[in-house]
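One file, final_10.txt, carrying compact mmCIF, C-alpha atoms and all ligand atoms:
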```txt
# COMPACT_ATOMS: atom_id res chain seq x y z
CA MET A 1 75.06 58.54 -112.94
CA LEU A 2 72.52 58.59 -115.76
CA LYS A 3 75.10 59.99 -118.15
CA SER A 4 77.57 57.23 -117.35
CA LEU A 5 74.88 54.58 -117.86
CA ILE A 6 74.08 56.05 -121.24
CA GLN A 7 77.74 56.21 -122.17
CA THR A 8 78.29 52.57 -121.28
CA GLY A 9 75.19 51.64 -123.24
CA SER A 10 73.74 49.76 -120.29
CA VAL A 11 70.29 51.35 -120.52
CA THR A 12 67.94 52.02 -123.36
CA LEU A 13 66.53 55.48 -122.87
CA THR A 14 63.06 56.42 -123.90
CA ARG A 15 62.67 60.18 -123.65
CA VAL A 16 60.71 61.08 -120.56
CA GLU A 17 58.03 63.55 -121.46
CA HIS A 18 58.10 65.92 -118.55
CA PRO A 19 55.04 68.17 -118.35
CA ILE A 20 55.44 71.66 -119.77
CA LEU A 21 54.83 74.54 -117.38
CA TYR A 22 54.08 77.95 -118.86
CA SER A 23 54.90 80.30 -116.06
CA PHE A 24 55.66 83.90 -115.22
CA ARG A 25 58.05 84.43 -112.37
CA ARG A 26 56.22 87.33 -110.67
CA CYS A 27 52.67 86.00 -111.12
CA PRO A 28 51.21 84.95 -107.76
CA TYR A 29 49.13 82.23 -109.40
CA ALA A 30 52.21 80.81 -111.09
CA MET A 31 54.10 80.96 -107.77
CA ARG A 32 51.38 78.85 -106.18
CA ALA A 33 51.71 76.27 -108.95
CA ARG A 34 55.51 76.25 -108.75
CA LEU A 35 55.40 75.78 -104.96
CA GLY A 36 53.28 72.65 -105.44
CA LEU A 37 55.43 71.25 -108.23
CA SER A 38 58.56 71.97 -106.26
CA VAL A 39 57.51 70.31 -103.01
CA ALA A 40 56.19 67.34 -104.98
CA GLY A 41 59.50 67.03 -106.81
CA VAL A 42 57.76 67.01 -110.18
CA THR A 43 60.17 67.89 -112.96
CA VAL A 44 58.72 70.14 -115.63
CA ARG A 45 59.94 71.77 -118.80
CA LEU A 46 59.75 75.38 -117.68
CA ARG A 47 58.71 77.99 -120.20
CA GLU A 48 58.92 81.50 -118.83
CA VAL A 49 56.32 83.66 -120.56
CA ALA A 50 56.51 87.38 -121.31
CA LEU A 51 52.87 88.37 -120.77
CA LYS A 52 53.13 91.08 -123.44
CA ASN A 53 54.41 88.60 -126.00
CA LYS A 54 52.80 85.25 -125.29
CA PRO A 55 54.17 82.32 -127.27
CA ALA A 56 51.96 80.94 -130.05
CA ALA A 57 52.26 77.47 -128.52
CA LEU A 58 50.61 78.75 -125.32
CA LEU A 59 47.80 80.54 -127.17
CA GLN A 60 47.13 77.42 -129.15
CA ILE A 61 46.90 75.12 -126.18
CA SER A 62 45.12 77.51 -123.83
CA PRO A 63 43.09 80.20 -125.58
CA LYS A 64 42.37 82.09 -122.34
CA ALA A 65 46.13 82.50 -122.21
CA THR A 66 46.71 83.07 -118.55
CA VAL A 67 49.63 81.59 -116.70
CA PRO A 68 50.28 79.14 -115.21
CA VAL A 69 49.35 76.36 -117.62
CA LEU A 70 50.56 72.80 -117.26
CA VAL A 71 50.60 70.52 -120.28
CA LEU A 72 50.69 66.84 -119.39
CA ALA A 73 52.13 64.39 -121.88
CA GLY A 74 51.26 66.77 -124.68
CA VAL A 75 47.50 66.25 -124.41
CA GLU A 76 45.89 67.02 -121.08
CA VAL A 77 46.07 70.68 -120.12
CA ILE A 78 45.57 72.14 -116.64
CA HIS A 79 44.63 75.80 -116.96
CA GLU A 80 44.13 76.82 -113.33
CA SER A 81 46.86 77.41 -110.77
CA LEU A 82 44.97 75.78 -107.91
CA ASP A 83 44.40 72.68 -110.02
CA ILE A 84 48.13 72.54 -110.82
CA LEU A 85 48.99 72.81 -107.12
CA LEU A 86 46.53 70.04 -106.24
CA TRP A 87 47.59 67.89 -109.20
CA ALA A 88 51.22 68.11 -108.09
CA LEU A 89 50.32 67.09 -104.54
CA ALA A 90 48.26 64.20 -105.85
CA GLN A 91 51.45 62.92 -107.52
CA ASN A 92 53.50 63.28 -104.37
CA ASP A 93 52.83 65.01 -101.09
CA PRO A 94 55.95 64.49 -98.99
CA ALA A 95 55.23 67.46 -96.71
CA GLY A 96 51.63 66.44 -96.08
CA TRP A 97 50.14 69.63 -97.51
CA LEU A 98 46.93 67.78 -98.31
CA SER A 99 46.65 65.80 -95.12
CA THR A 100 44.11 67.05 -92.66
CA ASP A 101 41.21 65.81 -90.67
CA GLY A 102 38.13 65.63 -92.87
CA PRO A 103 36.00 68.47 -91.44
CA GLN A 104 38.72 71.01 -92.21
CA LEU A 105 38.62 70.35 -95.95
CA ALA A 106 35.59 72.51 -96.73
CA LEU A 107 36.97 75.35 -94.60
CA MET A 108 40.29 75.13 -96.37
CA ALA A 109 38.71 75.31 -99.80
CA ALA A 110 36.52 78.21 -98.66
CA LEU A 111 39.52 80.24 -97.51
CA VAL A 112 41.29 79.76 -100.84
CA ALA A 113 38.10 80.68 -102.69
CA GLU A 114 37.80 83.86 -100.62
CA ASN A 115 41.38 84.70 -101.49
CA ASP A 116 40.81 84.16 -105.21
CA GLN A 117 37.33 85.60 -105.55
CA VAL A 118 37.29 88.45 -103.04
CA PHE A 119 40.73 89.39 -101.71
CA LYS A 120 42.45 89.32 -105.11
CA GLY A 121 39.92 91.78 -106.54
CA HIS A 122 40.52 94.27 -103.72
CA LEU A 123 44.26 93.68 -104.01
CA ASP A 124 44.25 94.58 -107.71
CA ARG A 125 42.30 97.76 -106.98
CA TYR A 126 44.83 98.65 -104.29
CA LYS A 127 47.95 97.68 -106.23
CA TYR A 128 46.98 99.12 -109.59
CA ALA A 129 45.18 102.28 -108.41
CA SER A 130 46.28 105.38 -110.27
CA ARG A 131 48.37 107.85 -108.33
CA ASP A 132 45.62 110.45 -108.18
CA ALA A 133 43.09 107.98 -106.75
CA VAL A 134 44.55 107.71 -103.27
CA GLU A 135 41.18 107.48 -101.56
CA GLU A 136 40.08 104.58 -103.75
CA ALA A 137 43.37 102.84 -103.18
CA HIS A 138 42.98 103.21 -99.42
CA ALA A 139 39.39 101.96 -99.55
CA ALA A 140 40.56 98.86 -101.44
CA ARG A 141 43.40 98.43 -98.97
CA ASP A 142 40.91 98.54 -96.08
CA GLN A 143 38.87 95.84 -97.78
CA CYS A 144 41.98 93.71 -98.23
CA GLU A 145 42.63 94.01 -94.53
CA VAL A 146 39.33 92.37 -93.64
CA PHE A 147 40.78 89.18 -95.12
CA LEU A 148 44.23 89.76 -93.66
CA PHE A 149 42.84 90.14 -90.12
CA GLN A 150 40.98 86.89 -90.61
CA LEU A 151 44.26 85.19 -91.59
CA ASP A 152 46.03 86.79 -88.63
CA GLU A 153 43.42 85.46 -86.24
CA ARG A 154 44.02 81.94 -87.53
CA LEU A 155 47.78 82.43 -87.29
CA ARG A 156 47.51 83.45 -83.66
CA ARG A 157 46.07 80.03 -82.95
CA GLY A 158 48.65 78.03 -84.91
CA SER A 159 51.89 78.54 -86.81
CA TYR A 160 50.11 77.96 -90.12
CA LEU A 161 46.62 78.66 -91.41
CA PHE A 162 45.36 75.22 -90.48
CA GLY A 163 47.45 74.18 -87.52
CA GLU A 164 51.07 73.61 -86.75
CA ARG A 165 52.10 72.37 -90.19
CA PRO A 166 51.85 74.05 -93.56
CA SER A 167 49.05 72.93 -95.85
CA TYR A 168 48.26 73.65 -99.47
CA VAL A 169 46.16 76.59 -98.25
CA ASP A 170 49.24 78.42 -96.93
CA MET A 171 50.92 77.98 -100.29
CA ALA A 172 47.84 78.97 -102.30
CA ILE A 173 47.44 82.22 -100.34
CA LEU A 174 51.05 83.17 -99.57
CA PRO A 175 51.88 84.74 -102.97
CA PHE A 176 48.88 87.07 -102.74
CA VAL A 177 49.66 88.25 -99.22
CA ARG A 178 53.22 88.83 -100.43
CA GLN A 179 51.88 90.90 -103.31
CA PHE A 180 49.81 92.99 -100.88
CA ALA A 181 52.79 93.48 -98.56
CA HIS A 182 55.04 94.59 -101.40
CA VAL A 183 52.78 97.43 -102.48
CA ASP A 184 54.06 99.35 -99.44
CA LEU A 185 56.33 97.13 -97.39
CA ALA A 186 57.22 99.74 -94.76
CA TRP A 187 53.55 100.47 -94.07
CA PHE A 188 52.69 96.75 -94.05
CA HIS A 189 55.21 96.14 -91.28
CA THR A 190 53.55 98.77 -89.11
CA ARG A 191 50.21 96.95 -89.19
CA PRO A 192 48.87 95.11 -86.15
CA TYR A 193 48.77 91.67 -87.71
CA SER A 194 52.01 90.40 -86.24
CA ALA A 195 51.16 86.71 -86.59
CA LEU A 196 50.50 87.18 -90.31
CA ILE A 197 53.77 89.09 -90.73
CA ARG A 198 55.66 86.36 -88.88
CA TRP A 199 54.04 83.70 -91.13
CA LEU A 200 54.77 85.62 -94.32
CA ASP A 201 58.36 86.44 -93.45
CA GLY A 202 59.02 82.86 -92.34
CA LEU A 203 57.71 81.28 -95.53
CA LEU A 204 59.41 83.81 -97.78
CA ALA A 205 62.75 83.20 -96.08
CA GLY A 206 62.63 79.45 -96.72
CA ASP A 207 64.53 77.53 -99.40
CA LEU A 208 61.31 76.39 -101.02
CA PHE A 209 60.21 79.91 -101.84
CA ALA A 210 63.67 80.98 -102.94
CA GLY A 211 63.75 77.97 -105.27
CA VAL A 212 60.55 78.92 -107.05
CA MET A 213 61.73 82.50 -107.63
CA THR A 214 64.78 81.73 -109.76
CA LYS A 215 64.92 84.02 -112.80
CA TYR A 216 64.70 82.73 -116.37
CA PRO A 217 64.66 84.60 -119.66
CA PRO A 218 61.43 84.32 -121.68
CA TRP A 219 61.18 81.03 -123.52
CA GLN A 220 61.74 80.94 -127.28
CA PRO A 221 60.53 77.98 -129.37
CA GLN A 222 64.06 77.12 -130.48
CA ASP A 223 65.37 76.97 -126.89
CA PRO A 224 66.45 73.67 -125.37
CA ASP A 225 64.22 72.46 -122.56
CA THR A 226 64.80 74.01 -119.17
CA LEU A 227 64.19 71.14 -116.79
CA TRP A 228 63.02 72.49 -113.47
CA SER A 229 62.02 70.97 -110.20
CA GLY A 230 62.14 73.87 -107.78
CA SER A 231 65.64 74.62 -108.93
CA PRO A 232 67.28 74.22 -112.32
CA LEU A 233 68.27 70.65 -113.23
CA GLU A 234 70.89 69.50 -115.65
CA ASN A 235 69.31 68.88 -119.05
N1 LIG B 1 42.48 81.77 -112.51
C1 LIG B 1 43.79 81.75 -113.10
C2 LIG B 1 44.33 83.17 -113.12
C3 LIG B 1 45.73 83.27 -113.67
C4 LIG B 1 46.09 84.72 -114.07
O1 LIG B 1 45.23 85.61 -114.09
N2 LIG B 1 47.37 84.96 -114.36
C5 LIG B 1 47.77 86.25 -114.87
C6 LIG B 1 49.18 86.61 -114.51
S1 LIG B 1 49.43 86.86 -112.78
C7 LIG B 1 47.73 86.24 -116.38
O2 LIG B 1 48.18 85.31 -116.99
N3 LIG B 1 47.15 87.28 -116.98
C8 LIG B 1 47.04 87.35 -118.41
C9 LIG B 1 47.67 88.56 -118.98
O3 LIG B 1 48.17 89.39 -118.21
O4 LIG B 1 47.68 88.68 -120.20
C10 LIG B 1 44.67 80.78 -112.34
O5 LIG B 1 44.41 80.56 -111.15
O6 LIG B 1 45.59 80.18 -112.92
```
Would you mind writing the file's structure down as structure tokens?
Ligand SMILES: N[C@@H](CCC(=O)N[C@@H](CS)C(=O)NCC(=O)O)C(=O)O
Amino acid sequence: MLKSLIQTGSVTLTRVEHPILYSFRRCPYAMRARLGLSVAGVTVRLREVALKNKPAALLQISPKATVPVLVLAGVEVIHESLDILLWALAQNDPAGWLSTDGPQLALMAALVAENDQVFKGHLDRYKYASRDAVEEAHAARDQCEVFLFQLDERLRRGSYLFGERPSYVDMAILPFVRQFAHVDLAWFHTRPYSALIRWLDGLLAGDLFAGVMTKYPPWQPQDPDTLWSGSPLEN
């Protein structure tokens, strides 16, 4: 449609400056950001980053050089995944991920903070433990489970963490629970948090998650833009 309009000369096109998303497919923080951008239908110029060889353009715009980073209109930069998720939903929230009754808001933020500030630390110690430090790995795994049992308890009361519909909290936490599960998937499925397993498996099986896990080669400065909105778009 757009192409035919351009060809017939019936529109004057000014180039739309889609935000740039520096991302890494397997990074749970970047997944959280991509889930938000995808559900919001925000089109970005996707730049897949190789963490061992970060592009100069990323280092220049975000010296702490973690992914994800969202660059808006070439000036404003959002450096934190949670902020990108919330920014996307502030643009458009068709699934109501932000809508809740007021009193829940503080609880929701607290659960995400616990994920980021406590659970993720234990998860890294579990996931990246050296092979000869089995006891330490198991201790970290036990600490992770304190959080997981808390999630499971919530999920026994409702299909999602805050009721019967998904909220941004589900999406902010999902990639980290997935990361935990994938350290030892067979063992994870033997654990007594069946509501959590049902929640995780359900969200991972959905189109939304599949859409944010599409593979891209690392971005090179000379590459044409990869327009992305949860799935690849035609440039
Ligand atoms: N607080 C940041 C953390 C992001 C983060 O740590 N991302 C990892 C990848 S999963 C990263 O970029 N690490 C830098 C590196 O490995 O060099 C956020 O929420 O966006």
Compile the contact shell of stretch 84-100 of chain A as a ChimeraX atom specification: residues with an atom at most 12 Å away, counting all atoms listed in the file, same-chain residues fewer than 3 positions apart removed. /A:19-23,29-44,67-72,76-81,103-109,160-173,208,229
Atomic distance atom CA of A:Trp199 - atom CA of A:Arg178, expressed in Å with one decimal: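 Computing it gives 10.7 Å between the two atoms.
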Using all atoms listed in the file, collect all residues at a distance of at most 10 Å from (50.2, 90.5, -116.5) as written in the file, then present them as a ChimeraX atom specification. /A:24,26-27,50-52,66-67
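The gap separating atom CA of A:Pro28 from atom CA of A:Arg191 is 22.1 Å, in Å to one decimal.
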So the first atom is atom CA of A:Asp124 and the second is atom CA of A:Val183; what is the distance between them in Å, to one decimal place? 10.4 Å
Take stretch 205-229 of chain A, bring it up to N, CA and C atoms, and give me the output as a compact mmCIF listing (two decimals), in the coordinates of the input.
```txt
# COMPACT_ATOMS: atom_id res chain seq x y z
N ALA A 205 61.31 83.37 -96.35
CA ALA A 205 62.75 83.20 -96.08
C ALA A 205 63.20 81.76 -96.34
N GLY A 206 62.26 80.86 -96.57
CA GLY A 206 62.63 79.45 -96.72
C GLY A 206 63.22 79.12 -98.08
N ASP A 207 63.90 77.98 -98.14
CA ASP A 207 64.53 77.53 -99.40
C ASP A 207 63.49 77.25 -100.48
N LEU A 208 62.33 76.75 -100.05
CA LEU A 208 61.31 76.39 -101.02
C LEU A 208 60.90 77.61 -101.83
N PHE A 209 60.65 78.70 -101.13
CA PHE A 209 60.21 79.91 -101.84
C PHE A 209 61.34 80.46 -102.71
N ALA A 210 62.53 80.47 -102.15
CA ALA A 210 63.67 80.98 -102.94
C ALA A 210 63.80 80.16 -104.22
N GLY A 211 63.59 78.86 -104.11
CA GLY A 211 63.75 77.97 -105.27
C GLY A 211 62.74 78.24 -106.38
N VAL A 212 61.55 78.69 -106.00
CA VAL A 212 60.55 78.92 -107.05
C VAL A 212 60.66 80.32 -107.65
N MET A 213 61.60 81.12 -107.14
CA MET A 213 61.73 82.50 -107.63
C MET A 213 62.99 82.70 -108.50
N THR A 214 63.61 81.61 -108.88
CA THR A 214 64.78 81.73 -109.76
C THR A 214 64.35 82.43 -111.06
N LYS A 215 65.26 83.25 -111.58
CA LYS A 215 64.92 84.02 -112.80
C LYS A 215 65.29 83.25 -114.06
N TYR A 216 64.42 83.33 -115.06
CA TYR A 216 64.70 82.73 -116.37
C TYR A 216 64.33 83.74 -117.44
N PRO A 217 65.07 83.74 -118.54
CA PRO A 217 64.66 84.60 -119.66
C PRO A 217 63.42 84.01 -120.31
N PRO A 218 62.62 84.84 -120.99
CA PRO A 218 61.43 84.32 -121.68
C PRO A 218 61.80 83.19 -122.64
N TRP A 219 60.96 82.19 -122.67
CA TRP A 219 61.18 81.03 -123.52
C TRP A 219 60.99 81.37 -125.00
N GLN A 220 61.88 80.82 -125.82
CA GLN A 220 61.74 80.94 -127.28
C GLN A 220 61.60 79.52 -127.82
N PRO A 221 60.79 79.33 -128.88
CA PRO A 221 60.53 77.98 -129.37
C PRO A 221 61.80 77.18 -129.70
N GLN A 222 62.85 77.86 -130.10
CA GLN A 222 64.06 77.12 -130.48
C GLN A 222 64.93 76.74 -129.27
N ASP A 223 64.54 77.22 -128.08
CA ASP A 223 65.37 76.97 -126.89
C ASP A 223 65.36 75.50 -126.49
N PRO A 224 66.48 75.02 -125.96
CA PRO A 224 66.45 73.67 -125.37
C PRO A 224 65.57 73.68 -124.12
N ASP A 225 65.07 72.52 -123.75
CA ASP A 225 64.22 72.46 -122.56
C ASP A 225 64.97 72.93 -121.32
N THR A 226 64.28 73.69 -120.50
CA THR A 226 64.80 74.01 -119.17
C THR A 226 64.10 73.08 -118.20
N LEU A 227 64.81 72.05 -117.76
CA LEU A 227 64.19 71.14 -116.79
C LEU A 227 64.25 71.78 -115.42
N TRP A 228 63.14 71.75 -114.74
CA TRP A 228 63.02 72.49 -113.47
C TRP A 228 62.25 71.67 -112.46
N SER A 229 62.73 71.68 -111.26
CA SER A 229 62.02 70.97 -110.20
C SER A 229 62.18 71.74 -108.89
```
